[in-house]
$ cat final.pdb   # PDB, C-alpha atoms and all ligand atoms
ATOM      1  CA  MET A 102      13.516   1.120  -6.369  1.00  0.00           C
ATOM      2  CA  LYS A 103      13.046   1.246  -2.602  1.00  0.00           C
ATOM      3  CA  THR A 104      12.053   4.763  -1.558  1.00  0.00           C
ATOM      4  CA  ALA A 105      11.916   6.085   1.986  1.00  0.00           C
ATOM      5  CA  ILE A 106       9.927   9.191   2.813  1.00  0.00           C
ATOM      6  CA  TYR A 107      11.323  11.032   5.817  1.00  0.00           C
ATOM      7  CA  PRO A 108       8.601  13.533   6.739  1.00  0.00           C
ATOM      8  CA  GLY A 109       8.731  16.332   9.243  1.00  0.00           C
ATOM      9  CA  SER A 110       8.368  20.014   9.848  1.00  0.00           C
ATOM     10  CA  PHE A 111      12.170  20.530  10.043  1.00  0.00           C
ATOM     11  CA  ASP A 112      11.916  23.967  11.660  1.00  0.00           C
ATOM     12  CA  PRO A 113      14.916  23.884  11.345  1.00  0.00           C
ATOM     13  CA  ILE A 114      16.684  20.686  10.328  1.00  0.00           C
ATOM     14  CA  THR A 115      19.058  19.487  13.107  1.00  0.00           C
ATOM     15  CA  LEU A 116      22.027  17.161  13.338  1.00  0.00           C
ATOM     16  CA  GLY A 117      19.626  14.562  14.737  1.00  0.00           C
ATOM     17  CA  HIS A 118      17.544  14.732  11.552  1.00  0.00           C
ATOM     18  CA  LEU A 119      20.679  14.614   9.440  1.00  0.00           C
ATOM     19  CA  ASN A 120      21.867  11.500  11.262  1.00  0.00           C
ATOM     20  CA  ILE A 121      18.580   9.722  10.486  1.00  0.00           C
ATOM     21  CA  ILE A 122      18.794  10.884   6.839  1.00  0.00           C
ATOM     22  CA  ARG A 123      22.351   9.619   6.440  1.00  0.00           C
ATOM     23  CA  ARG A 124      21.553   6.217   7.920  1.00  0.00           C
ATOM     24  CA  THR A 125      18.350   5.897   5.897  1.00  0.00           C
ATOM     25  CA  SER A 126      20.276   6.709   2.720  1.00  0.00           C
ATOM     26  CA  THR A 127      22.413   3.611   3.287  1.00  0.00           C
ATOM     27  CA  ILE A 128      19.351   1.353   3.606  1.00  0.00           C
ATOM     28  CA  PHE A 129      17.110   2.681   0.816  1.00  0.00           C
ATOM     29  CA  ASP A 130      17.884   3.453  -2.836  1.00  0.00           C
ATOM     30  CA  ARG A 131      16.181   6.831  -2.604  1.00  0.00           C
ATOM     31  CA  VAL A 132      15.268   9.060   0.328  1.00  0.00           C
ATOM     32  CA  VAL A 133      12.790  11.909   0.034  1.00  0.00           C
ATOM     33  CA  VAL A 134      12.865  14.374   2.901  1.00  0.00           C
ATOM     34  CA  CYS A 135       9.366  15.843   2.815  1.00  0.00           C
ATOM     35  CA  ILE A 136       8.715  19.117   4.576  1.00  0.00           C
ATOM     36  CA  MET A 137       5.111  19.146   5.695  1.00  0.00           C
ATOM     37  CA  PRO A 138       2.850  21.206   7.906  1.00  0.00           C
ATOM     38  CA  ASN A 139       2.317  19.977  11.454  1.00  0.00           C
ATOM     39  CA  ALA A 140      -1.148  21.040  12.574  1.00  0.00           C
ATOM     40  CA  GLY A 141       0.155  21.314  16.133  1.00  0.00           C
ATOM     41  CA  LYS A 142       2.909  23.746  15.170  1.00  0.00           C
ATOM     42  CA  ILE A 143       1.054  26.574  13.496  1.00  0.00           C
ATOM     43  CA  HIS A 144       3.708  29.273  13.835  1.00  0.00           C
ATOM     44  CA  PRO A 145       6.951  27.923  12.405  1.00  0.00           C
ATOM     45  CA  MET A 146      10.045  30.108  12.744  1.00  0.00           C
ATOM     46  CA  PHE A 147      11.054  29.511   9.130  1.00  0.00           C
ATOM     47  CA  THR A 148       8.825  29.684   6.074  1.00  0.00           C
ATOM     48  CA  ARG A 149       8.298  26.483   4.111  1.00  0.00           C
ATOM     49  CA  GLU A 150      10.606  27.817   1.394  1.00  0.00           C
ATOM     50  CA  GLU A 151      13.333  28.591   3.931  1.00  0.00           C
ATOM     51  CA  ARG A 152      13.069  25.131   5.498  1.00  0.00           C
ATOM     52  CA  VAL A 153      13.324  23.530   2.056  1.00  0.00           C
ATOM     53  CA  GLU A 154      16.371  25.649   1.256  1.00  0.00           C
ATOM     54  CA  LEU A 155      18.098  24.806   4.561  1.00  0.00           C
ATOM     55  CA  ALA A 156      17.372  21.094   4.143  1.00  0.00           C
ATOM     56  CA  ARG A 157      18.599  21.086   0.525  1.00  0.00           C
ATOM     57  CA  ARG A 158      21.802  22.776   1.597  1.00  0.00           C
ATOM     58  CA  VAL A 159      22.647  20.038   4.105  1.00  0.00           C
ATOM     59  CA  VAL A 160      21.528  16.945   2.164  1.00  0.00           C
ATOM     60  CA  SER A 161      23.363  17.923  -1.011  1.00  0.00           C
ATOM     61  CA  ARG A 162      26.239  15.627   0.034  1.00  0.00           C
ATOM     62  CA  PHE A 163      23.988  12.547  -0.304  1.00  0.00           C
ATOM     63  CA  PRO A 164      23.429  11.614  -3.970  1.00  0.00           C
ATOM     64  CA  ASN A 165      20.281   9.576  -3.280  1.00  0.00           C
ATOM     65  CA  VAL A 166      18.559  12.135  -1.017  1.00  0.00           C
ATOM     66  CA  GLU A 167      16.200  14.843  -2.243  1.00  0.00           C
ATOM     67  CA  VAL A 168      13.951  17.394  -0.558  1.00  0.00           C
ATOM     68  CA  ASP A 169      10.302  17.887  -1.388  1.00  0.00           C
ATOM     69  CA  THR A 170       7.320  19.556   0.211  1.00  0.00           C
ATOM     70  CA  PHE A 171       3.644  18.641   0.348  1.00  0.00           C
ATOM     71  CA  ASP A 172       0.684  20.461   1.780  1.00  0.00           C
ATOM     72  CA  GLY A 173      -1.639  17.594   2.620  1.00  0.00           C
ATOM     73  CA  LEU A 174      -1.862  14.182   4.216  1.00  0.00           C
ATOM     74  CA  LEU A 175       1.269  12.076   4.297  1.00  0.00           C
ATOM     75  CA  ALA A 176      -0.870   9.057   3.405  1.00  0.00           C
ATOM     76  CA  GLU A 177      -1.872  10.833   0.169  1.00  0.00           C
ATOM     77  CA  TYR A 178       1.637  12.009  -0.587  1.00  0.00           C
ATOM     78  CA  ALA A 179       2.902   8.420  -0.401  1.00  0.00           C
ATOM     79  CA  LYS A 180       0.460   7.490  -3.189  1.00  0.00           C
ATOM     80  CA  THR A 181       2.383   9.733  -5.583  1.00  0.00           C
ATOM     81  CA  PHE A 182       5.187   7.138  -5.650  1.00  0.00           C
ATOM     82  CA  PRO A 183       4.173   4.600  -8.308  1.00  0.00           C
ATOM     83  CA  ASP A 184       6.538   1.938  -6.964  1.00  0.00           C
ATOM     84  CA  GLY A 185       5.480   2.502  -3.383  1.00  0.00           C
ATOM     85  CA  ALA A 186       7.344   3.989  -0.467  1.00  0.00           C
ATOM     86  CA  VAL A 187       7.721   3.538   3.258  1.00  0.00           C
ATOM     87  CA  ILE A 188       7.783   6.240   5.900  1.00  0.00           C
ATOM     88  CA  VAL A 189      10.905   6.459   8.018  1.00  0.00           C
ATOM     89  CA  LYS A 190      10.839   8.209  11.379  1.00  0.00           C
ATOM     90  CA  GLY A 191      13.442   8.689  14.055  1.00  0.00           C
ATOM     91  CA  LEU A 192      12.640   7.772  17.631  1.00  0.00           C
ATOM     92  CA  ARG A 193      14.327   9.497  20.521  1.00  0.00           C
ATOM     93  CA  ALA A 194      12.953   8.913  24.000  1.00  0.00           C
ATOM     94  CA  MET A 195       9.864   6.943  24.947  1.00  0.00           C
ATOM     95  CA  SER A 196       8.049  10.274  24.903  1.00  0.00           C
ATOM     96  CA  ASP A 197       8.151  10.190  21.081  1.00  0.00           C
ATOM     97  CA  PHE A 198       6.723   6.729  20.912  1.00  0.00           C
ATOM     98  CA  GLU A 199       3.059   7.243  21.648  1.00  0.00           C
ATOM     99  CA  ARG A 200       2.562  10.029  19.097  1.00  0.00           C
ATOM    100  CA  GLU A 201       4.634   8.256  16.439  1.00  0.00           C
ATOM    101  CA  PHE A 202       2.803   4.985  17.023  1.00  0.00           C
ATOM    102  CA  GLN A 203      -0.519   6.802  16.653  1.00  0.00           C
ATOM    103  CA  MET A 204       0.579   8.479  13.408  1.00  0.00           C
ATOM    104  CA  ALA A 205       1.897   5.207  11.989  1.00  0.00           C
ATOM    105  CA  LEU A 206      -1.444   3.509  12.691  1.00  0.00           C
ATOM    106  CA  ILE A 207      -3.460   6.404  11.244  1.00  0.00           C
ATOM    107  CA  ASN A 208      -1.310   6.560   8.114  1.00  0.00           C
ATOM    108  CA  HIS A 209      -1.684   2.811   7.618  1.00  0.00           C
ATOM    109  CA  LYS A 210      -5.445   3.080   8.089  1.00  0.00           C
ATOM    110  CA  LEU A 211      -5.670   5.922   5.556  1.00  0.00           C
ATOM    111  CA  ASN A 212      -3.393   4.118   3.108  1.00  0.00           C
ATOM    112  CA  PRO A 213      -3.193   0.361   3.815  1.00  0.00           C
ATOM    113  CA  SER A 214      -0.167  -0.085   1.556  1.00  0.00           C
ATOM    114  CA  LEU A 215       1.815   2.411   3.622  1.00  0.00           C
ATOM    115  CA  ASP A 216       4.097   1.229   6.413  1.00  0.00           C
ATOM    116  CA  THR A 217       6.253   3.146   8.861  1.00  0.00           C
ATOM    117  CA  MET A 218       9.715   2.096   9.970  1.00  0.00           C
ATOM    118  CA  PHE A 219      11.566   3.580  12.920  1.00  0.00           C
ATOM    119  CA  LEU A 220      15.237   4.229  13.404  1.00  0.00           C
ATOM    120  CA  THR A 221      16.415   4.805  16.947  1.00  0.00           C
ATOM    121  CA  THR A 222      18.331   7.974  17.522  1.00  0.00           C
ATOM    122  CA  GLU A 223      22.019   7.877  18.296  1.00  0.00           C
ATOM    123  CA  HIS A 224      22.464   8.679  21.963  1.00  0.00           C
ATOM    124  CA  GLN A 225      24.102  12.078  21.432  1.00  0.00           C
ATOM    125  CA  PHE A 226      20.917  13.309  19.728  1.00  0.00           C
ATOM    126  CA  MET A 227      18.518  11.900  22.285  1.00  0.00           C
ATOM    127  CA  TYR A 228      17.584  15.278  23.732  1.00  0.00           C
ATOM    128  CA  LEU A 229      17.936  17.330  20.561  1.00  0.00           C
ATOM    129  CA  SER A 230      14.896  18.885  18.914  1.00  0.00           C
ATOM    130  CA  SER A 231      14.150  21.781  16.591  1.00  0.00           C
ATOM    131  CA  SER A 232      12.257  23.439  19.459  1.00  0.00           C
ATOM    132  CA  ILE A 233      15.235  23.390  21.804  1.00  0.00           C
ATOM    133  CA  VAL A 234      17.470  24.695  19.002  1.00  0.00           C
ATOM    134  CA  LYS A 235      15.098  27.634  18.473  1.00  0.00           C
ATOM    135  CA  GLU A 236      15.107  28.378  22.191  1.00  0.00           C
ATOM    136  CA  MET A 237      18.911  28.245  22.290  1.00  0.00           C
ATOM    137  CA  ALA A 238      19.108  30.542  19.264  1.00  0.00           C
ATOM    138  CA  HIS A 239      16.718  32.963  20.951  1.00  0.00           C
ATOM    139  CA  TYR A 240      19.206  33.343  23.821  1.00  0.00           C
ATOM    140  CA  GLY A 241      22.206  33.532  21.535  1.00  0.00           C
ATOM    141  CA  ALA A 242      23.657  30.118  22.462  1.00  0.00           C
ATOM    142  CA  ASP A 243      26.318  28.498  20.305  1.00  0.00           C
ATOM    143  CA  LEU A 244      24.517  26.094  17.969  1.00  0.00           C
ATOM    144  CA  HIS A 245      27.575  24.114  16.868  1.00  0.00           C
ATOM    145  CA  GLY A 246      26.955  20.441  17.544  1.00  0.00           C
ATOM    146  CA  PHE A 247      23.198  20.920  17.355  1.00  0.00           C
ATOM    147  CA  VAL A 248      22.506  21.997  13.774  1.00  0.00           C
ATOM    148  CA  PRO A 249      24.641  21.492  10.670  1.00  0.00           C
ATOM    149  CA  ASP A 250      27.411  24.097  10.389  1.00  0.00           C
ATOM    150  CA  ALA A 251      26.128  25.055   6.918  1.00  0.00           C
ATOM    151  CA  ILE A 252      22.935  26.533   8.344  1.00  0.00           C
ATOM    152  CA  ILE A 253      24.089  28.085  11.637  1.00  0.00           C
ATOM    153  CA  ASP A 254      24.260  31.614  10.184  1.00  0.00           C
TER     154      ASP A 254
HETATM  155  O1  LIG A 301       8.732  17.059  12.631  1.00  0.00           O
HETATM  156  P1  LIG A 301       7.306  16.889  13.091  1.00  0.00           P
HETATM  157  O2  LIG A 301       6.655  18.222  13.324  1.00  0.00           O
HETATM  158  O3  LIG A 301       7.183  15.986  14.287  1.00  0.00           O
HETATM  159  O4  LIG A 301       6.558  16.149  11.874  1.00  0.00           O
HETATM  160  C1  LIG A 301       5.192  15.840  11.949  1.00  0.00           C
HETATM  161  C2  LIG A 301       4.619  15.624  10.537  1.00  0.00           C
HETATM  162  C3  LIG A 301       4.812  16.879   9.693  1.00  0.00           C
HETATM  163  C4  LIG A 301       5.336  14.449   9.885  1.00  0.00           C
HETATM  164  C5  LIG A 301       3.112  15.301  10.688  1.00  0.00           C
HETATM  165  O5  LIG A 301       2.470  16.363  11.356  1.00  0.00           O
HETATM  166  C6  LIG A 301       2.459  15.006   9.351  1.00  0.00           C
HETATM  167  O6  LIG A 301       2.528  13.899   8.870  1.00  0.00           O
HETATM  168  N1  LIG A 301       1.804  16.049   8.759  1.00  0.00           N
HETATM  169  C7  LIG A 301       1.136  15.923   7.491  1.00  0.00           C
HETATM  170  C8  LIG A 301      -0.393  15.753   7.695  1.00  0.00           C
HETATM  171  C9  LIG A 301      -0.692  14.327   8.138  1.00  0.00           C
HETATM  172  O7  LIG A 301      -0.643  13.410   7.342  1.00  0.00           O
HETATM  173  N2  LIG A 301      -0.938  14.154   9.484  1.00  0.00           N
HETATM  174  C10 LIG A 301      -1.041  12.835  10.111  1.00  0.00           C
HETATM  175  C11 LIG A 301      -2.325  12.127   9.948  1.00  0.00           C
HETATM  176  S1  LIG A 301      -3.755  13.047  10.377  1.00  0.00           S
END

$ encode --input "final.pdb" --output "structure tokens"
Amino acid sequence: MKTAIYPGSFDPITLGHLNIIRRTSTIFDRVVVCIMPNAGKIHPMFTREERVELARRVVSRFPNVEVDTFDGLLAEYAKTFPDGAVIVKGLRAMSDFEREFQMALINHKLNPSLDTMFLTTEHQFMYLSSSIVKEMAHYGADLHGFVPDAIID
């Protein structure tokens, strides 16, 4: 079984994430959305449990997608899949590339059987991020079209 791990902090999950999840679910037999800590984002808006709950709510429509969480290295988490797994990441602008390229190389160094594949964003999600969604929410902006309807409240 071909498994894709789609890791991220998902604080919160956006329509851009969901687009990558949907497309990945058509390529791989199984997709595991893994909610992980990002050492650079030490004060998430939502607790880990809340982020898991929000993600589960929006991926429930995909029969081969599940949500998990892991508090450690992604390279170690991937080892928990006996048949192997690949990491899938979404790429928006070039500004994502350098960091993602670095993480892909580090993960491969830490776990040589682990590869990373990238899906390019669809253009309407190019400038969408969890951070901008949080800022919009802070000012009371309408979040329709940015995050899944099921989690706007
Ligand atoms: O959505 P994000 O915040 O860009 O996702 C980043 C994330 C969580 C995938 C990344 O920080 C991560 O892989 N964290 C787990 C710890 C790890 O393996 N770090 C990379 C190698 S040091």

$ closest_residue --input "final.pdb" --among "A:Asp172, A:Asp254, A:Glu167, A:Asp130" --to "ligand LIG 301 (chain A)" --atoms "only C-alpha atoms and all ligand atoms"
A:Asp172

$ closest_residue --input "final.pdb" --among "A:Gly185, A:Pro213, A:Gly191, A:Pro164" --to "A:Ser126" --atoms "all atoms listed in the file"
A:Pro164

$ residues_near_ligand --input "final.pdb" --ligand "ligand LIG 301 (chain A)" --cutoff "6 Å" --atoms "all atoms listed in the file" --output "ChimeraX atom specification"
/A:108-111,137-139,173-176,204,207-208

$ resolve_selection --input "final.pdb" --expression "the PyMOL selection byres (((chain A and resi 229) around 9) and not hetatm)" --output "MDAnalysis selection string"
chainID A and resid 115:117 193 225:228 230:234 247

$ residues_around --input "final.pdb" --residues "A:Leu119" --least-positions-apart "6" --cutoff "12 Å" --atoms "only C-alpha atoms" --output "list in words"
Tyr107, Phe111, Pro113, Thr125, Ser126, Val132, Val134, Leu155, Ala156, Arg157, Arg158, Val159, Val160, Ser161, Arg162, Phe163, Val166, Lys190, Gly191, Thr222, Glu223, Phe226, Leu229, Ser230, Gly246, Phe247, Val248, Pro249 and Asp250 of chain A

$ atom_distance --input "final.pdb" --atom1 "atom CA of A:Ile128" --atom2 "atom CA of A:Val187"
11.8 Å

$ atom_distance --input "final.pdb" --atom1 "atom CA of A:His118" --atom2 "atom CA of A:Phe219"
12.7 Å

$ atom_distance --input "final.pdb" --atom1 "atom CA of A:Arg149" --atom2 "atom CA of A:Ile136"
7.4 Å

$ closest_residue --input "final.pdb" --among "A:Ala194, A:Leu211, A:Leu206, A:Met237" --to "A:Lys180" --atoms "only C-alpha atoms"
A:Leu211

$ closest_residue --input "final.pdb" --among "A:Asp169, A:Asp216, A:Glu151, A:Asp112" --to "A:Cys135" --atoms "only C-alpha atoms"
A:Asp169
